[in-house]
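Enquirer: If it helps, the file is called protein04.txt and holds compact mmCIF, C-alpha atoms:
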```txt
# COMPACT_ATOMS: atom_id res chain seq x y z
CA MET W 13 0.12 -25.31 -3.57
CA PRO W 14 -1.51 -24.36 -0.25
CA LYS W 15 -3.24 -21.02 -0.01
CA LEU W 16 -3.42 -18.53 2.86
CA ALA W 17 -6.07 -15.82 2.98
CA MET W 18 -6.07 -13.17 5.69
CA ILE W 19 -8.13 -10.16 6.64
CA ALA W 20 -6.05 -7.46 8.38
CA THR W 21 -8.20 -5.12 10.44
CA LYS W 22 -5.76 -3.48 12.82
CA GLY W 23 -3.26 -0.76 12.04
CA THR W 24 -1.22 -0.37 15.19
CA LEU W 25 2.48 -1.20 15.30
CA ASP W 26 1.94 -4.36 17.34
CA TRP W 27 -0.89 -5.70 15.19
CA ALA W 28 0.90 -4.87 11.96
CA TYR W 29 3.24 -7.78 12.57
CA PRO W 30 1.01 -10.89 12.52
CA PRO W 31 -0.32 -10.54 8.94
CA PHE W 32 3.08 -9.67 7.46
CA ILE W 33 4.98 -12.33 9.44
CA LEU W 34 2.51 -15.03 8.46
CA ALA W 35 2.38 -13.81 4.86
CA THR W 36 6.15 -13.84 4.40
CA ALA W 37 6.53 -17.18 6.20
CA ALA W 38 3.83 -18.76 4.04
CA ALA W 39 5.28 -17.27 0.86
CA ALA W 40 8.69 -18.62 1.89
CA MET W 41 7.08 -22.08 1.97
CA GLY W 42 5.81 -21.59 -1.55
CA TRP W 43 2.22 -20.82 -0.57
CA ASP W 44 -0.11 -18.55 -2.46
CA VAL W 45 -0.93 -15.65 -0.11
CA GLY W 46 -3.43 -12.81 -0.13
CA ILE W 47 -4.22 -10.20 2.52
CA PHE W 48 -7.39 -8.13 2.48
CA PHE W 49 -6.88 -4.85 4.35
CA THR W 50 -10.00 -3.28 5.74
CA PHE W 51 -10.99 -0.69 8.33
CA TYR W 52 -8.05 0.05 10.63
CA GLY W 53 -5.84 -2.36 8.71
CA LEU W 54 -5.72 0.02 5.74
CA PRO W 55 -2.91 2.25 7.09
CA LEU W 56 -0.62 -0.80 6.79
CA LEU W 57 -0.63 -0.18 3.04
CA LYS W 58 0.23 3.52 3.18
CA LYS W 59 3.41 4.56 1.40
CA ASP W 60 4.37 6.50 4.48
CA LEU W 61 4.00 4.12 7.41
CA LYS W 62 3.46 5.86 10.72
CA LEU W 63 2.08 3.15 12.93
CA PRO W 64 1.10 4.07 16.47
CA VAL W 65 0.80 1.79 19.46
CA THR W 66 -0.85 2.53 22.76
CA PRO W 67 -0.76 0.93 26.19
CA VAL W 68 -4.16 2.49 26.90
CA GLY W 69 -6.79 -0.22 27.13
CA ASN W 70 -4.08 -2.83 26.69
CA PRO W 71 -3.00 -3.93 30.16
CA ALA W 72 -1.07 -6.89 28.70
CA MET W 73 1.42 -4.64 26.90
CA PRO W 74 4.71 -4.84 28.78
CA MET W 75 6.29 -1.44 29.37
CA LYS W 76 9.98 -2.16 29.09
CA MET W 77 13.02 -0.08 28.24
CA PRO W 78 14.98 -1.34 25.22
CA PHE W 79 18.31 0.03 26.47
CA GLY W 80 20.55 -0.10 29.54
CA PRO W 81 21.82 -3.12 31.48
CA GLU W 82 19.92 -6.40 31.12
CA GLY W 83 18.40 -6.22 34.62
CA PHE W 84 17.06 -2.76 33.79
CA GLN W 85 15.67 -3.94 30.44
CA ASN W 86 13.83 -6.79 32.16
CA ILE W 87 11.85 -4.49 34.44
CA THR W 88 8.19 -4.15 33.52
CA TRP W 89 7.34 -0.60 34.51
CA PRO W 90 4.03 -0.23 36.30
CA ILE W 91 2.99 2.97 34.55
CA PRO W 92 -0.52 3.99 35.57
CA ASN W 93 -3.21 4.67 32.98
CA ALA W 94 -3.41 8.27 34.22
CA ILE W 95 0.08 8.78 32.79
CA THR W 96 -0.14 6.64 29.65
CA SER W 97 -3.38 8.29 28.58
CA ASN W 98 -2.88 11.86 29.75
CA ILE W 99 0.74 12.79 29.15
CA PRO W 100 1.07 14.30 25.66
CA GLY W 101 3.50 12.38 23.53
CA PHE W 102 3.40 9.22 25.65
CA GLU W 103 2.03 7.14 22.80
CA SER W 104 4.75 8.13 20.37
CA PHE W 105 7.25 7.41 23.16
CA ALA W 106 5.72 3.95 23.67
CA GLY W 107 5.80 3.41 19.90
CA SER W 108 9.43 4.35 19.51
CA MET W 109 10.36 2.17 22.52
CA MET W 110 8.58 -0.80 20.96
CA LYS W 111 10.27 -0.23 17.59
CA LYS W 112 13.65 -0.04 19.27
CA GLY W 113 12.92 -3.15 21.31
CA PHE W 114 12.00 -5.12 18.16
CA LYS W 115 15.08 -3.88 16.34
CA ASN W 116 17.39 -4.77 19.21
CA LYS W 117 16.05 -8.32 19.28
CA GLY W 118 16.56 -8.81 15.54
CA VAL W 119 12.94 -8.52 14.42
CA ALA W 120 12.49 -7.02 10.97
CA SER W 121 10.61 -3.72 10.76
CA VAL W 122 7.08 -3.64 9.39
CA GLU W 123 8.43 -1.82 6.31
CA GLU W 124 10.99 -4.58 5.69
CA LEU W 125 8.41 -7.33 6.10
CA ARG W 126 6.01 -5.55 3.76
CA ASP W 127 8.73 -5.07 1.13
CA MET W 128 9.53 -8.75 1.48
CA ALA W 129 5.86 -9.67 1.05
CA VAL W 130 5.69 -7.59 -2.14
CA GLU W 131 8.86 -9.20 -3.45
CA MET W 132 7.38 -12.66 -2.77
CA ASP W 133 4.20 -11.85 -4.72
CA VAL W 134 1.85 -11.67 -1.75
CA LYS W 135 -1.41 -10.18 -2.99
CA LEU W 136 -2.23 -6.99 -1.08
CA ILE W 137 -5.85 -6.01 -1.46
CA ALA W 138 -7.35 -2.82 -0.07
CA CYS W 139 -11.04 -2.58 0.74
CA GLN W 140 -12.31 0.12 -1.61
CA MET W 141 -15.39 0.81 0.48
CA THR W 142 -13.42 1.59 3.67
CA LEU W 143 -10.98 3.76 1.70
CA ASP W 144 -13.89 5.87 0.51
CA VAL W 145 -15.47 6.05 3.98
CA PHE W 146 -12.21 7.04 5.66
CA GLY W 147 -11.26 9.45 2.90
CA ILE W 148 -8.00 7.69 2.09
CA LYS W 149 -6.90 8.23 -1.52
CA ASN W 150 -5.87 5.15 -3.51
CA LYS W 151 -2.64 6.91 -4.43
CA GLU W 152 -1.65 7.14 -0.73
CA LEU W 153 -1.17 3.38 -0.78
CA ILE W 154 1.82 1.49 -2.16
CA GLU W 155 1.77 0.79 -5.89
CA GLU W 156 1.37 -2.96 -5.50
CA THR W 157 -2.03 -2.52 -3.84
CA GLU W 158 -5.05 -4.02 -5.57
CA PHE W 159 -8.46 -2.56 -4.88
CA ALA W 160 -11.52 -4.72 -4.37
CA GLY W 161 -14.51 -5.51 -2.25
CA ALA W 162 -15.96 -8.30 -0.15
CA ALA W 163 -16.95 -10.55 -3.04
CA ALA W 164 -13.44 -10.48 -4.50
CA TYR W 165 -11.96 -11.41 -1.13
CA LEU W 166 -14.42 -14.24 -0.64
CA GLU W 167 -13.64 -15.60 -4.07
CA PHE W 168 -9.95 -15.59 -3.22
CA ALA W 169 -10.62 -17.19 0.18
CA VAL W 170 -13.14 -19.84 -0.83
CA ASP W 171 -10.51 -22.38 -1.81
CA SER W 172 -7.87 -21.32 0.72
CA ASP W 173 -6.41 -23.80 3.17
CA VAL W 174 -5.84 -21.32 5.99
CA ASN W 175 -8.09 -18.32 6.50
CA LEU W 176 -7.43 -15.81 9.27
CA PHE W 177 -9.12 -12.70 10.57
CA ILE W 178 -6.58 -10.50 12.31
CA MET K 231 28.15 -37.05 9.31
CA ALA K 232 29.37 -34.17 7.21
CA ASP K 233 29.76 -35.91 3.88
CA ASN K 234 27.47 -33.33 2.36
CA THR K 235 29.48 -30.87 0.33
CA ILE K 236 28.27 -27.40 1.17
CA ASP K 237 27.80 -25.22 -1.90
CA GLN K 238 26.63 -22.09 -0.13
CA THR K 239 26.29 -20.84 3.42
CA LEU K 240 23.73 -18.44 4.80
CA ASP K 241 24.25 -16.97 8.26
CA THR K 242 21.06 -15.58 9.79
CA SER K 243 22.53 -15.17 13.29
CA GLY K 244 20.76 -12.47 15.28
CA LEU K 245 17.61 -12.55 13.15
CA LEU K 246 14.27 -13.70 14.49
CA CYS K 247 11.18 -15.25 12.91
CA PRO K 248 10.31 -15.17 10.04
CA MET K 249 13.63 -13.93 8.65
CA PRO K 250 15.61 -17.22 8.83
CA ILE K 251 13.12 -19.09 6.64
CA VAL K 252 12.44 -16.09 4.41
CA LYS K 253 16.14 -15.66 3.70
CA THR K 254 16.57 -19.42 3.26
CA ALA K 255 13.75 -19.50 0.72
CA LYS K 256 15.25 -16.58 -1.18
CA MET K 257 18.70 -18.17 -1.23
CA ILE K 258 17.37 -21.58 -2.34
CA LYS K 259 15.43 -19.92 -5.14
CA GLY K 260 18.65 -18.63 -6.65
CA MET K 261 20.46 -21.99 -6.48
CA GLU K 262 20.59 -24.86 -8.93
CA VAL K 263 18.73 -28.12 -8.26
CA GLY K 264 20.91 -30.58 -6.36
CA LYS K 265 23.01 -27.89 -4.70
CA ILE K 266 23.40 -27.85 -0.94
CA LEU K 267 22.84 -24.90 1.37
CA GLU K 268 24.08 -24.58 4.93
CA MET K 269 22.06 -22.23 7.11
CA ILE K 270 23.10 -20.96 10.51
CA SER K 271 20.56 -19.48 12.90
CA THR K 272 20.40 -18.31 16.50
CA ASP K 273 16.60 -18.14 16.54
CA ALA K 274 15.36 -20.69 19.09
CA GLY K 275 12.26 -21.20 16.96
CA SER K 276 14.23 -22.10 13.87
CA MET K 277 14.41 -25.85 14.58
CA PRO K 278 10.66 -26.51 14.30
CA ASP K 279 10.34 -23.77 11.66
CA MET K 280 12.99 -25.19 9.36
CA LYS K 281 11.49 -28.68 9.67
CA ALA K 282 8.09 -27.26 8.73
CA TRP K 283 9.62 -25.25 5.90
CA ALA K 284 11.35 -28.32 4.47
CA ASN K 285 8.15 -30.38 4.79
CA GLN K 286 6.15 -27.76 2.98
CA THR K 287 8.63 -26.95 0.24
CA LYS K 288 9.78 -30.58 -0.23
CA HIS K 289 13.41 -29.56 -0.18
CA GLU K 290 15.50 -32.10 1.68
CA LEU K 291 16.66 -31.27 5.20
CA LEU K 292 19.84 -33.33 5.40
CA GLU K 293 21.03 -32.11 8.77
CA ALA K 294 19.44 -30.17 11.61
CA GLU K 295 21.67 -29.67 14.62
CA ASP K 296 21.27 -27.77 17.86
CA GLU K 297 24.73 -26.67 18.89
CA GLY K 298 23.53 -25.04 22.10
CA GLY K 299 21.84 -21.79 21.17
CA LYS K 300 23.19 -21.99 17.66
CA PHE K 301 21.40 -24.03 15.02
CA ARG K 302 22.82 -25.47 11.84
CA PHE K 303 20.79 -26.78 8.94
CA VAL K 304 21.88 -28.42 5.72
CA ILE K 305 19.34 -28.34 2.92
CA LYS K 306 19.43 -29.89 -0.52
CA LYS K 307 17.50 -28.14 -3.25
CA THR K 308 15.38 -30.90 -4.78
CA HIS K 309 13.34 -29.09 -7.41
```
If you convert what's in this file into structure tokens, what do you get?
Expert:
Amino acid sequence: MPKLAMIATKGTLDWAYPPFILATAAAAMGWDVGIFFTFYGLPLLKKDLKLPVTPVGNPAMPMKMPFGPEGFQNITWPIPNAITSNIPGFESFAGSMMKKGFKNKGVASVEELRDMAVEMDVKLIACQMTLDVFGIKNKELIEETEFAGAAAYLEFAVDSDVNLFI
Amino acid sequence: MADNTIDQTLDTSGLLCPMPIVKTAKMIKGMEVGKILEMISTDAGSMPDMKAWANQTKHELLEAEDEGGKFRFVIKKTH
């Protein structure tokens, strides 16, 4: 059976999606899947998921309102960086707007996709070195997490058919 | 056209990628070989996705219809 190996390096709400969407889709096709979480990807394995997202430094992120009439929802708000980066609480506002937008469109939450991945036997591997450097305790991560290093990932990936760095 | 007897139906209307194929896979897993599943989706990406899913899993895609924004698939569990 085909094999998919991924390295997840980003822990924001937006970037949490690609590894879990691809993992669940591949597992649904009967593939063998493993994700190696390292650096900022590690928070994706925390029991308590609190994933932020920020428009700062990301000019491609559309600022849209996930409620109101359709015409209103389609407006991309030109919010200047001075506001997005300086107003306290703007990032959590942007995060909750994005979550709501995803939910309204019928996209599963990151929690749901991760649960699905676990159920479908996707291997979730946390980089032990980064955990130590960042001071994250192994027990903060979900029970299904395996702990390993670069060599273990490479051994998993060496005979994979698709290998992605996200 | 519809001489395939449907054993089970799965409606994934309103759900987006990857949920239609994930739910299809889960449903198929619980069925007996030879049984036929009908899946309904409103995800515009589900047509190419279901074809890819069937190719990869080797289950037989008997029907794949675009009913204008609504998609209907009939899949036979082959193994």
Enquirer: Counting only C-alpha atoms, what are the residues of chain W within 7 Å of chain K, and for each of them which pair of atoms is the nearest and at what distance in Å, to one decimal? Sort the table by chain and rising number, as a Markdown table.
Expert:
```
| residue | atom | partner | partner_atom | distance |
| --- | --- | --- | --- | --- |
| W:Ile33 | CA | K:Pro248 | CA | 6.1 |
| W:Thr36 | CA | K:Val252 | CA | 6.7 |
| W:Ala37 | CA | K:Pro248 | CA | 5.8 |
| W:Ala40 | CA | K:Val252 | CA | 5.2 |
| W:Met41 | CA | K:Thr287 | CA | 5.4 |
| W:Gly42 | CA | K:Thr287 | CA | 6.3 |
| W:Gly118 | CA | K:Leu245 | CA | 4.6 |
| W:Val119 | CA | K:Leu246 | CA | 5.3 |
```
Enquirer: Next, the residues of the selection above should be written as a PDB file, keeping the file's coordinate frame with C-alpha atoms.
Expert:
```pdb
ATOM      1  CA  ILE W  33       4.980 -12.330   9.440  1.00  0.00           C
ATOM      2  CA  THR W  36       6.150 -13.840   4.400  1.00  0.00           C
ATOM      3  CA  ALA W  37       6.530 -17.180   6.200  1.00  0.00           C
ATOM      4  CA  ALA W  40       8.690 -18.620   1.890  1.00  0.00           C
ATOM      5  CA  MET W  41       7.080 -22.080   1.970  1.00  0.00           C
ATOM      6  CA  GLY W  42       5.810 -21.590  -1.550  1.00  0.00           C
ATOM      7  CA  GLY W 118      16.560  -8.810  15.540  1.00  0.00           C
ATOM      8  CA  VAL W 119      12.940  -8.520  14.420  1.00  0.00           C
TER       9      VAL W 119
END
```
Enquirer: Contacts of Val68 in chain W at 12 Å or less, counting all atoms listed in the file, minus same-chain residues fewer than 4 places along, as a VMD selection string?
Expert: chain W and resid 64 72 to 75 91 to 99 102 to 103 106
Enquirer: Which of these, W:Gly107, W:Gly53, W:Gly80, W:Gly101, has the shortest distance to Pro67 in chain W once you count all atoms listed in the file?
Expert: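 For Pro67 in chain W, the nearest of the given residues is W:Gly107.
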Enquirer: Is it possible to get the residues within 7 Å of (-2.4, -14.7, 9.0) (coordinates as in the file, counting all atoms listed in the file) written as a PyMOL selection string?
Expert: chain W and resi 18+30-31+34-35+176+178
Enquirer: Quick one: of W:Phe159, W:Phe168, W:Phe84, W:Phe105, who's nearest to Phe49 in chain W, counting all atoms listed in the file?
Expert: W:Phe159
Enquirer: Could you name the residues that touch range 264-269 of chain K at 8 Å or less, counting only C-alpha atoms, but leaving out those on the same chain fewer than 3 positions away, as a PyMOL selection string?
Expert: chain K and resi 234-242+254+258+261+302-309
Enquirer: Using only C-alpha atoms, which protein or nucleic acid residues come within 9 Å of Phe177 in chain W? Drop anything in the same chain fewer than 5 positions from it, and give the result as a ChimeraX atom specification.
Expert: /W:17-21
Enquirer: What is the CA of Asn70 in chain W-CA of Lys58 in chain W distance in Å, reported with one decimal?
Expert: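 So the answer is 24.7 Å.
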Enquirer: Between CA of Pro55 in chain W and CA of Ile137 in chain W, measure the distance and give it in Å to one decimal.
Expert: 12.2 Å
Enquirer: Go ahead and compute the interatomic distance for CA of Met77 in chain W and CA of Ser108 in chain W, in Å to one decimal.
Expert: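 CA of Met77 in chain W sits 10.4 Å away from CA of Ser108 in chain W.
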Enquirer: With distances taken over all atoms listed in the file, which of W:Met13, W:Leu57, W:Leu25, W:Ala39 is nearest to Lys149 in chain W?
Expert: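 For Lys149 in chain W, the nearest of the candidates is W:Leu57.
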Enquirer: Mind working out the centre and edge lengths of an axis-aligned box for range 94-100 of chain W, all listed atoms inside, 5 Å added to each side, rounded to one decimal in Å and written as lines of an AutoDock Vina configuration file?
Expert:
```
center_x = -1.2
center_y = 10.5
center_z = 29.9
size_x = 14.5
size_y = 17.7
size_z = 18.6
```
Enquirer: My list of candidates is W:Tyr29, W:Thr50, W:Gly69, W:Val45. Which is closest to Pro14 in chain W when distances are computed with only C-alpha atoms?
Expert: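 Closest candidate: W:Val45.
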